[in-house]
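Note sheet for the following structure.
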Amino acid sequence: MDKPAARFLSLDVFRGLAVALMIVVNTPGPGAHPFPWLVHAKWFGFTGADWVFPSFLFAVGCSMAFAFAERPTAGAFALKVLRRAALIFLLGFLMYWYPFIHRVDGGWALNPFADTRVMGVLQRIALCYALAAFAVRYLSPRWLAALSALILLAYWSVLVAFDPADPFSKLGNAGTRLDLLVLGPRHLYRRDGGFDPEGLLGTLPASVNVIGGYLAARYLRTSAGRPALIRMALVGVALTVAALAWSPFFPVAKKLWTGSFVLLTVGTDLVLLAGLAAVLEGRTPNPVTRFFQVFGLNPLVIYLFSELFVTTLQTIEVAPDVGVYDWIGVNVFQAAVPGPVGALLCAIAYTLACWLLGLVLAWRRIVVRL
C-alpha cells in the first residue's frame, strides 16, 4: 500500500463512474425487475449496463500510460506485469469460490473446486492487462493501432470460419467451443445456458479496449489544450460511426465482445474522457467529482469488496432461502417504492455502502496497488 502520487482528476472520475455503475448493475435490488438499461442485452444490442465493463478496461489502459512512464529492464517489467496479472486472476477465481462452504443436510461442506468458475471479470481484466502491457511495452502507437485492427479482424474471421452458417450463435460459436474444450462445462458461468461471457477467446478483442485507453491517455499526456481534446472526441465519434457501419456484418454484442462492440465502447469512452478532461483538468475538485474520485482511487479493491460483501449478506439467512440483501430489498425498498425504482434505490444504497470503504481509504491517503 502506497500513498497516491499525482493523479489526473478526469481519469479518476472516469474510472470511478465505471466502478459505481458496475456495482449498481451487478447488485440490483430484489423483488422487481430493474430498468432495462441496467440489464445487459440478451445477445445482440447495447444497453447502459453493457458500457460499464469495457470502460473499466479502457481505464486500466489509461493508467498504463502513467504507470509505464518509467522503463525498467525487460526482465523486471515482465516480472511485475505477470505477478500483477496472476494476483488479479487469483483474486477473481477466489471471489467465485467464496464463501468456500455451503449448507448440506443441516451441516456445512466445502464448495468443490470442480464446480468453481475459472474465468470472470477480474480474470479477464488480468489477462487483458497482461496482453496489453507487453504490447505497449514494445510497440509504437501506430503499431498498437495496427495490432488492434488486426486482432478485431482476426477474431471476426475465426468466428466466421468456425461456423459460416451461424458464426455468432451463443452455444455454437468458436469461443464457447474453446471454453468447453479447455475449461469444461462445470468451470463456466452457470446462468447463461452454458455460455461464459468472459471466456478465453473473447479476451483477445477485450484487450483492444485496454490498448485504446492507453493510447488515449498517452495522447493526453503529450498533447495539451482544447484542440487535442476536440481531436480525441472526433476520433471517438468516428469509431462509433465505424461500429454502426460494421454492425450489420459483425453485430454489437457485449457477451460475444464483437469488434463492433469494441469500436462502439472505445469510441464513446474517448468522447466521455475528452469531455471530462475539458471540464475537470486544471480545476479544483467539487463534491460530485470527489464522490467519483473515491471510487477511482481504489477501483479493484472496492469492486472486490462489493462482490464479496453482497455474497456474505446473502449467505446469512433471515428466513429459509432468504438472505439479508434479499430481505432488505423486498421489505425495505420494495415496500417503500415498488417496482424498478425501488430496485434501483436498493442498488444505489449498496453502492454507497461500498463507497464508504473507499472514503476511509481516501481519508487515510491509501491507494492499494496489487
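Starting from 1 in every chain, residues are counted up; chains themselves are A, B, ... following the order of the C-alpha cells, and ligands are numbered from 1 as listed.
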For this session: Please identify all polymer residues within 8 Å of Arg226 (chain A), counting only C-alpha atoms, omitting same-chain residues fewer than 3 positions from it, and present them as a PyMOL selection string.
Result: chain A and resi 229-230+278
Can you check which residues of region 166-248 of chain A DSSP gives as helix (DSSP H, G or I) on the backbone and send them as a short mmCIF file (atom, residue, chain, number, x, y, z; two decimals) with N, CA and C atoms, in the first residue's frame?
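Written file, selection_7.cif:
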data_model
loop_
_atom_site.label_atom_id
_atom_site.label_comp_id
_atom_site.auth_asym_id
_atom_site.auth_seq_id
_atom_site.Cartn_x
_atom_site.Cartn_y
_atom_site.Cartn_z
N ALA A 174 -17.14 -20.18 -31.91
CA ALA A 174 -15.80 -20.73 -31.65
C ALA A 174 -15.36 -20.49 -30.22
N GLY A 175 -15.73 -19.35 -29.63
CA GLY A 175 -15.32 -19.07 -28.26
C GLY A 175 -15.92 -20.03 -27.26
N THR A 176 -17.22 -20.30 -27.39
CA THR A 176 -17.87 -21.24 -26.48
C THR A 176 -17.28 -22.64 -26.63
N ARG A 177 -17.04 -23.05 -27.88
CA ARG A 177 -16.44 -24.36 -28.11
C ARG A 177 -15.06 -24.46 -27.48
N LEU A 178 -14.28 -23.39 -27.55
CA LEU A 178 -12.96 -23.39 -26.94
C LEU A 178 -13.06 -23.49 -25.42
N ASP A 179 -13.98 -22.76 -24.83
CA ASP A 179 -14.16 -22.82 -23.37
C ASP A 179 -14.57 -24.22 -22.91
N LEU A 180 -15.48 -24.83 -23.66
CA LEU A 180 -15.91 -26.19 -23.30
C LEU A 180 -14.76 -27.18 -23.42
N LEU A 181 -13.92 -26.98 -24.43
CA LEU A 181 -12.80 -27.89 -24.65
C LEU A 181 -11.72 -27.72 -23.59
N VAL A 182 -11.38 -26.47 -23.26
CA VAL A 182 -10.25 -26.21 -22.36
C VAL A 182 -10.68 -26.23 -20.89
N PRO A 185 -17.57 -27.74 -18.99
CA PRO A 185 -18.83 -27.06 -18.66
C PRO A 185 -18.97 -26.71 -17.18
N ARG A 186 -18.34 -27.46 -16.28
CA ARG A 186 -18.51 -27.22 -14.85
C ARG A 186 -17.72 -26.01 -14.36
N HIS A 187 -16.79 -25.53 -15.16
CA HIS A 187 -15.99 -24.35 -14.78
C HIS A 187 -16.45 -23.09 -15.49
N THR A 203 -11.23 -12.71 -24.75
CA THR A 203 -10.21 -11.89 -24.10
C THR A 203 -9.39 -11.11 -25.12
N LEU A 204 -9.19 -11.68 -26.32
CA LEU A 204 -8.39 -11.01 -27.34
C LEU A 204 -9.00 -9.67 -27.78
N PRO A 205 -10.25 -9.63 -28.23
CA PRO A 205 -10.82 -8.32 -28.58
C PRO A 205 -10.96 -7.40 -27.38
N ALA A 206 -11.19 -7.97 -26.19
CA ALA A 206 -11.32 -7.12 -25.00
C ALA A 206 -10.01 -6.41 -24.68
N SER A 207 -8.87 -7.01 -25.05
CA SER A 207 -7.59 -6.35 -24.81
C SER A 207 -7.46 -5.08 -25.64
N VAL A 208 -8.21 -4.98 -26.73
CA VAL A 208 -8.17 -3.77 -27.55
C VAL A 208 -8.76 -2.59 -26.78
N ASN A 209 -9.73 -2.83 -25.90
CA ASN A 209 -10.25 -1.75 -25.06
C ASN A 209 -9.16 -1.19 -24.16
N VAL A 210 -8.30 -2.07 -23.66
CA VAL A 210 -7.19 -1.61 -22.81
C VAL A 210 -6.20 -0.80 -23.64
N ILE A 211 -5.85 -1.31 -24.82
CA ILE A 211 -4.92 -0.59 -25.70
C ILE A 211 -5.50 0.78 -26.07
N GLY A 212 -6.80 0.83 -26.33
CA GLY A 212 -7.44 2.10 -26.64
C GLY A 212 -7.31 3.11 -25.51
N GLY A 213 -7.47 2.64 -24.27
CA GLY A 213 -7.31 3.52 -23.13
C GLY A 213 -5.89 4.03 -22.99
N TYR A 214 -4.93 3.14 -23.23
CA TYR A 214 -3.52 3.55 -23.17
C TYR A 214 -3.23 4.63 -24.20
N LEU A 215 -3.66 4.42 -25.44
CA LEU A 215 -3.40 5.39 -26.49
C LEU A 215 -4.06 6.74 -26.18
N ALA A 216 -5.26 6.70 -25.60
CA ALA A 216 -5.96 7.94 -25.26
C ALA A 216 -5.20 8.72 -24.19
N ALA A 217 -4.81 8.05 -23.12
CA ALA A 217 -4.10 8.73 -22.03
C ALA A 217 -2.71 9.19 -22.48
N ARG A 218 -2.06 8.40 -23.30
CA ARG A 218 -0.74 8.79 -23.81
C ARG A 218 -0.86 10.05 -24.66
N TYR A 219 -1.90 10.13 -25.43
CA TYR A 219 -2.14 11.30 -26.27
C TYR A 219 -2.39 12.53 -25.39
N LEU A 220 -3.19 12.36 -24.33
CA LEU A 220 -3.48 13.49 -23.45
C LEU A 220 -2.21 13.97 -22.74
N ARG A 221 -1.32 13.07 -22.40
CA ARG A 221 -0.09 13.46 -21.71
C ARG A 221 0.83 14.28 -22.61
N THR A 222 0.77 14.04 -23.88
CA THR A 222 1.71 14.70 -24.80
C THR A 222 1.07 15.80 -25.64
N ARG A 226 -7.38 22.45 -25.68
CA ARG A 226 -8.69 22.05 -26.18
C ARG A 226 -8.65 21.47 -27.59
N PRO A 227 -7.76 21.94 -28.48
CA PRO A 227 -7.72 21.30 -29.80
C PRO A 227 -7.44 19.80 -29.72
N ALA A 228 -6.57 19.39 -28.78
CA ALA A 228 -6.28 17.96 -28.60
C ALA A 228 -7.52 17.21 -28.13
N LEU A 229 -8.28 17.81 -27.23
CA LEU A 229 -9.50 17.17 -26.73
C LEU A 229 -10.55 17.07 -27.83
N ILE A 230 -10.63 18.09 -28.65
CA ILE A 230 -11.58 18.05 -29.77
C ILE A 230 -11.21 16.94 -30.74
N ARG A 231 -9.90 16.81 -31.03
CA ARG A 231 -9.47 15.72 -31.92
C ARG A 231 -9.79 14.36 -31.32
N MET A 232 -9.58 14.22 -30.00
CA MET A 232 -9.91 12.95 -29.35
C MET A 232 -11.40 12.65 -29.47
N ALA A 233 -12.23 13.64 -29.22
CA ALA A 233 -13.67 13.44 -29.33
C ALA A 233 -14.08 13.08 -30.75
N LEU A 234 -13.46 13.72 -31.73
CA LEU A 234 -13.79 13.42 -33.13
C LEU A 234 -13.38 11.99 -33.50
N VAL A 235 -12.25 11.53 -32.99
CA VAL A 235 -11.86 10.13 -33.21
C VAL A 235 -12.89 9.20 -32.59
N GLY A 236 -13.37 9.56 -31.39
CA GLY A 236 -14.40 8.76 -30.75
C GLY A 236 -15.67 8.69 -31.57
N VAL A 237 -16.08 9.81 -32.14
CA VAL A 237 -17.27 9.82 -33.00
C VAL A 237 -17.04 8.96 -34.23
N ALA A 238 -15.83 9.05 -34.81
CA ALA A 238 -15.53 8.25 -36.00
C ALA A 238 -15.58 6.76 -35.69
N LEU A 239 -15.04 6.36 -34.54
CA LEU A 239 -15.09 4.94 -34.16
C LEU A 239 -16.53 4.49 -33.92
N THR A 240 -17.34 5.35 -33.34
CA THR A 240 -18.74 5.00 -33.11
C THR A 240 -19.48 4.80 -34.43
N VAL A 241 -19.23 5.68 -35.38
CA VAL A 241 -19.84 5.54 -36.71
C VAL A 241 -19.35 4.26 -37.38
N ALA A 242 -18.05 3.98 -37.26
CA ALA A 242 -17.50 2.75 -37.83
C ALA A 242 -18.15 1.51 -37.21
N ALA A 243 -18.40 1.57 -35.90
CA ALA A 243 -19.06 0.45 -35.22
C ALA A 243 -20.45 0.20 -35.79
N LEU A 244 -21.18 1.27 -35.99
CA LEU A 244 -22.54 1.13 -36.54
C LEU A 244 -22.50 0.62 -37.98
N ALA A 245 -21.49 1.05 -38.74
CA ALA A 245 -21.37 0.57 -40.12
C ALA A 245 -20.98 -0.90 -40.16
N TRP A 246 -20.22 -1.36 -39.20
CA TRP A 246 -19.77 -2.76 -39.16
C TRP A 246 -20.84 -3.68 -38.58
#
For this session: Extract, using only C-alpha atoms, all DNA, RNA and protein residues at most 10 Å from Pro30 (chain A), discarding same-chain residues fewer than 4 positions from it, and format them as JSON, numbers by chain.
Result: {"A": [34, 325, 326, 327, 328, 329, 330, 331, 333, 334, 339, 340, 342, 343, 344, 346, 347]}
Resulting file, chosen residues, N, CA and C atoms, as an mmCIF file, in the first residue's frame:
data_model
loop_
_atom_site.group_PDB
_atom_site.id
_atom_site.type_symbol
_atom_site.label_atom_id
_atom_site.label_comp_id
_atom_site.auth_asym_id
_atom_site.auth_seq_id
_atom_site.Cartn_x
_atom_site.Cartn_y
_atom_site.Cartn_z
ATOM 1 N N PRO A 34 -35.137 -4.743 -12.699
ATOM 2 C CA PRO A 34 -34.518 -3.421 -12.843
ATOM 3 C C PRO A 34 -34.909 -2.770 -14.160
ATOM 4 N N TYR A 325 -29.554 -9.469 2.015
ATOM 5 C CA TYR A 325 -29.725 -8.484 0.936
ATOM 6 C C TYR A 325 -31.101 -8.613 0.295
ATOM 7 N N ASP A 326 -31.546 -9.849 0.066
ATOM 8 C CA ASP A 326 -32.884 -10.047 -0.496
ATOM 9 C C ASP A 326 -33.952 -9.501 0.444
ATOM 10 N N TRP A 327 -33.777 -9.746 1.732
ATOM 11 C CA TRP A 327 -34.777 -9.298 2.705
ATOM 12 C C TRP A 327 -34.853 -7.782 2.729
ATOM 13 N N ILE A 328 -33.706 -7.119 2.743
ATOM 14 C CA ILE A 328 -33.696 -5.658 2.752
ATOM 15 C C ILE A 328 -34.326 -5.101 1.476
ATOM 16 N N GLY A 329 -33.971 -5.711 0.342
ATOM 17 C CA GLY A 329 -34.510 -5.228 -0.914
ATOM 18 C C GLY A 329 -36.016 -5.310 -0.983
ATOM 19 N N VAL A 330 -36.586 -6.402 -0.497
ATOM 20 C CA VAL A 330 -38.031 -6.613 -0.571
ATOM 21 C C VAL A 330 -38.768 -5.863 0.533
ATOM 22 N N ASN A 331 -38.275 -5.978 1.780
ATOM 23 C CA ASN A 331 -39.019 -5.457 2.929
ATOM 24 C C ASN A 331 -38.752 -3.989 3.239
ATOM 25 N N PHE A 333 -36.950 -1.545 0.551
ATOM 26 C CA PHE A 333 -37.017 -0.708 -0.649
ATOM 27 C C PHE A 333 -38.267 -0.979 -1.474
ATOM 28 N N GLN A 334 -38.639 -2.241 -1.662
ATOM 29 C CA GLN A 334 -39.857 -2.509 -2.418
ATOM 30 C C GLN A 334 -41.098 -2.132 -1.634
ATOM 31 N N GLY A 339 -41.377 -1.685 -7.520
ATOM 32 C CA GLY A 339 -41.006 -1.660 -8.926
ATOM 33 C C GLY A 339 -39.538 -1.354 -9.164
ATOM 34 N N PRO A 340 -39.194 -1.026 -10.398
ATOM 35 C CA PRO A 340 -37.792 -0.817 -10.766
ATOM 36 C C PRO A 340 -37.129 0.350 -10.040
ATOM 37 N N GLY A 342 -37.580 1.156 -6.872
ATOM 38 C CA GLY A 342 -37.135 0.587 -5.601
ATOM 39 C C GLY A 342 -35.915 -0.295 -5.772
ATOM 40 N N ALA A 343 -35.885 -1.070 -6.870
ATOM 41 C CA ALA A 343 -34.716 -1.909 -7.142
ATOM 42 C C ALA A 343 -33.472 -1.055 -7.365
ATOM 43 N N LEU A 344 -33.636 0.065 -8.075
ATOM 44 C CA LEU A 344 -32.505 0.960 -8.320
ATOM 45 C C LEU A 344 -32.057 1.627 -7.026
ATOM 46 N N CYS A 346 -32.271 0.475 -4.039
ATOM 47 C CA CYS A 346 -31.569 -0.537 -3.251
ATOM 48 C C CYS A 346 -30.135 -0.692 -3.758
ATOM 49 N N ALA A 347 -29.971 -0.758 -5.073
ATOM 50 C CA ALA A 347 -28.632 -0.890 -5.650
ATOM 51 C C ALA A 347 -27.773 0.332 -5.348
#
Exercise. Interatomic distance between CA of Ala165 (chain A) and CA of Met119 (chain A)?
Worked result: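 Atom-to-atom, CA of Ala165 (chain A) to CA of Met119 (chain A), that is 27.8 Å.
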Show me, as a PDB file with N, CA and C atoms, in the first residue's frame, the residues that have an atom within 8 Å of region 349-351 of chain A when counting only C-alpha atoms, minus same-chain residues fewer than 5 positions from it.
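Result written to out.pdb:
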ATOM      1  N   ALA A  20     -18.710   2.617 -10.035  1.00  0.00           N
ATOM      2  CA  ALA A  20     -20.007   2.836  -9.394  1.00  0.00           C
ATOM      3  C   ALA A  20     -21.136   2.190 -10.193  1.00  0.00           C
ATOM      4  N   ILE A  23     -21.175  -1.639  -9.904  1.00  0.00           N
ATOM      5  CA  ILE A  23     -21.792  -2.151  -8.676  1.00  0.00           C
ATOM      6  C   ILE A  23     -23.317  -2.054  -8.777  1.00  0.00           C
ATOM      7  N   VAL A  24     -23.813  -0.942  -9.296  1.00  0.00           N
ATOM      8  CA  VAL A  24     -25.263  -0.780  -9.452  1.00  0.00           C
ATOM      9  C   VAL A  24     -25.838  -1.870 -10.357  1.00  0.00           C
ATOM     10  N   THR A  27     -25.632  -5.517  -8.618  1.00  0.00           N
ATOM     11  CA  THR A  27     -26.395  -5.784  -7.388  1.00  0.00           C
ATOM     12  C   THR A  27     -27.763  -5.110  -7.443  1.00  0.00           C
ATOM     13  N   SER A 306     -17.350  -5.198  -3.099  1.00  0.00           N
ATOM     14  CA  SER A 306     -18.774  -5.196  -3.441  1.00  0.00           C
ATOM     15  C   SER A 306     -19.283  -6.600  -3.755  1.00  0.00           C
TER      16      SER A 306
END
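We find CA of Val322 (chain A) and CA of Lys42 (chain A) to be spaced 26.9 Å apart.
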Problem set entry | strand (DSSP E or B) residues, from DSSP on the backbone, in region 290-341 of chain A, as a PyMOL selection string | chain A and resi 317-319+322-323
Using 8 Å as the limit and counting only C-alpha atoms, can you tabulate each residue of region 258-296 of chain A that touches region 51-72 of chain A, with its shortest atom-to-atom distance in Å and the two atoms involved, as CSV?
residue,atom,partner,partner_atom,distance
A:Val262,CA,A:Pro54,CA,7.8
A:Thr265,CA,A:Trp51,CA,6.4
A:Val266,CA,A:Phe58,CA,7.2
A:Asp269,CA,A:Ser55,CA,6.5
Could you please take those selected residues and save N, CA and C atoms as a JSON list (two decimals), in the first residue's frame?
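Final file, part08.json:
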[["chain", "number", "residue", "atom", "x", "y", "z"],
["A", 262, "VAL", "N", -16.43, -3.39, -29.57],
["A", 262, "VAL", "CA", -15.19, -2.75, -29.13],
["A", 262, "VAL", "C", -15.10, -1.33, -29.68],
["A", 265, "THR", "N", -17.64, 0.98, -27.83],
["A", 265, "THR", "CA", -17.31, 1.33, -26.46],
["A", 265, "THR", "C", -16.05, 2.20, -26.38],
["A", 266, "VAL", "N", -15.05, 1.90, -27.19],
["A", 266, "VAL", "CA", -13.86, 2.75, -27.20],
["A", 266, "VAL", "C", -14.23, 4.15, -27.71],
["A", 269, "ASP", "N", -16.09, 6.03, -25.02],
["A", 269, "ASP", "CA", -15.15, 6.34, -23.93],
["A", 269, "ASP", "C", -14.26, 7.52, -24.30]]
Close residues, region 284-293 of chain A itself excluded, 12 Å, only C-alpha atoms, min 5 positions apart in chain, as a JSON list (two decimals) with C-alpha atoms, in the first residue's frame:
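Output below, filename result28.json:
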[["chain", "number", "residue", "atom", "x", "y", "z"],
["A", 7, "ARG", "CA", -3.39, 11.96, -10.40],
["A", 8, "PHE", "CA", -5.40, 13.10, -13.40],
["A", 9, "LEU", "CA", -8.78, 14.08, -11.97],
["A", 10, "SER", "CA", -10.64, 13.26, -15.18],
["A", 11, "LEU", "CA", -9.20, 9.73, -15.22],
["A", 12, "ASP", "CA", -10.11, 9.11, -11.58],
["A", 13, "VAL", "CA", -13.66, 10.37, -12.18],
["A", 14, "PHE", "CA", -13.99, 8.29, -15.36],
["A", 15, "ARG", "CA", -12.78, 5.18, -13.58],
["A", 16, "GLY", "CA", -14.92, 5.92, -10.54],
["A", 17, "LEU", "CA", -18.01, 6.32, -12.71],
["A", 18, "ALA", "CA", -17.35, 2.92, -14.29],
["A", 19, "VAL", "CA", -16.90, 1.24, -10.89],
["A", 20, "ALA", "CA", -20.01, 2.84, -9.39],
["A", 21, "LEU", "CA", -22.16, 1.78, -12.34],
["A", 276, "LEU", "CA", -14.32, 15.15, -18.58],
["A", 277, "ALA", "CA", -10.80, 16.40, -19.26],
["A", 279, "VAL", "CA", -14.35, 20.25, -17.75],
["A", 298, "ASN", "CA", -9.09, 2.10, -5.37],
["A", 299, "PRO", "CA", -11.29, 0.57, -8.07],
["A", 351, "THR", "CA", -23.14, 1.20, -3.87],
["A", 352, "LEU", "CA", -22.95, 3.98, -1.26],
["A", 354, "CYS", "CA", -19.16, 0.28, -0.81],
["A", 355, "TRP", "CA", -18.22, 3.94, -1.34],
["A", 356, "LEU", "CA", -17.74, 4.29, 2.41],
["A", 358, "GLY", "CA", -13.29, 3.87, -0.49],
["A", 359, "LEU", "CA", -13.82, 7.02, 1.58],
["A", 361, "LEU", "CA", -9.05, 4.58, 2.26],
["A", 362, "ALA", "CA", -9.07, 8.07, 0.72],
["A", 363, "TRP", "CA", -9.06, 9.74, 4.15],
["A", 367, "VAL", "CA", -4.09, 3.56, -2.67]]
For this session: Might you pull out every residue within 12 Å of Pro248 (chain A), with only C-alpha atoms counted and same-chain residues fewer than 6 positions away left off, and present them as a ChimeraX atom specification?
Result: /A:44-45,242,258-261
Could you take the residues named above and write them with C-alpha atoms, as a PDB file, in the first residue's frame?
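Result went into part_18.pdb, see below:
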ATOM      1  CA  PHE A  44     -27.180  -8.603 -29.832  1.00  0.00           C
ATOM      2  CA  GLY A  45     -27.775  -4.985 -28.885  1.00  0.00           C
ATOM      3  CA  ALA A 242     -17.500   2.745 -37.834  1.00  0.00           C
ATOM      4  CA  THR A 258     -17.589  -8.393 -31.051  1.00  0.00           C
ATOM      5  CA  GLY A 259     -15.392  -5.979 -32.984  1.00  0.00           C
ATOM      6  CA  SER A 260     -18.264  -3.542 -33.484  1.00  0.00           C
ATOM      7  CA  PHE A 261     -18.858  -3.617 -29.720  1.00  0.00           C
TER       8      PHE A 261
END
Exercise. Taking into account only C-alpha atoms, which residue in the set A:Ile348, A:Leu270, A:Val252, A:Leu280 is nearest to Ala41 (chain A)?
Worked result: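 For Ala41 (chain A), the nearest of the given residues is A:Val252.
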Problem set entry | Surrounding residues of Asp163 (chain A) excluding itself and chain neighbours under 6 positions, 10 Å, only C-alpha atoms, as a list in words |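 Residues near the query, excluding close chain neighbours: Ser169, Gly172, Asn173 and Ala174 of chain A.
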For this session: Pick out the closest residue to Leu297 (chain A) from this set: A:Leu90, A:Ile366, A:Leu171, A:Leu273. Count only C-alpha atoms.
Result: A:Ile366
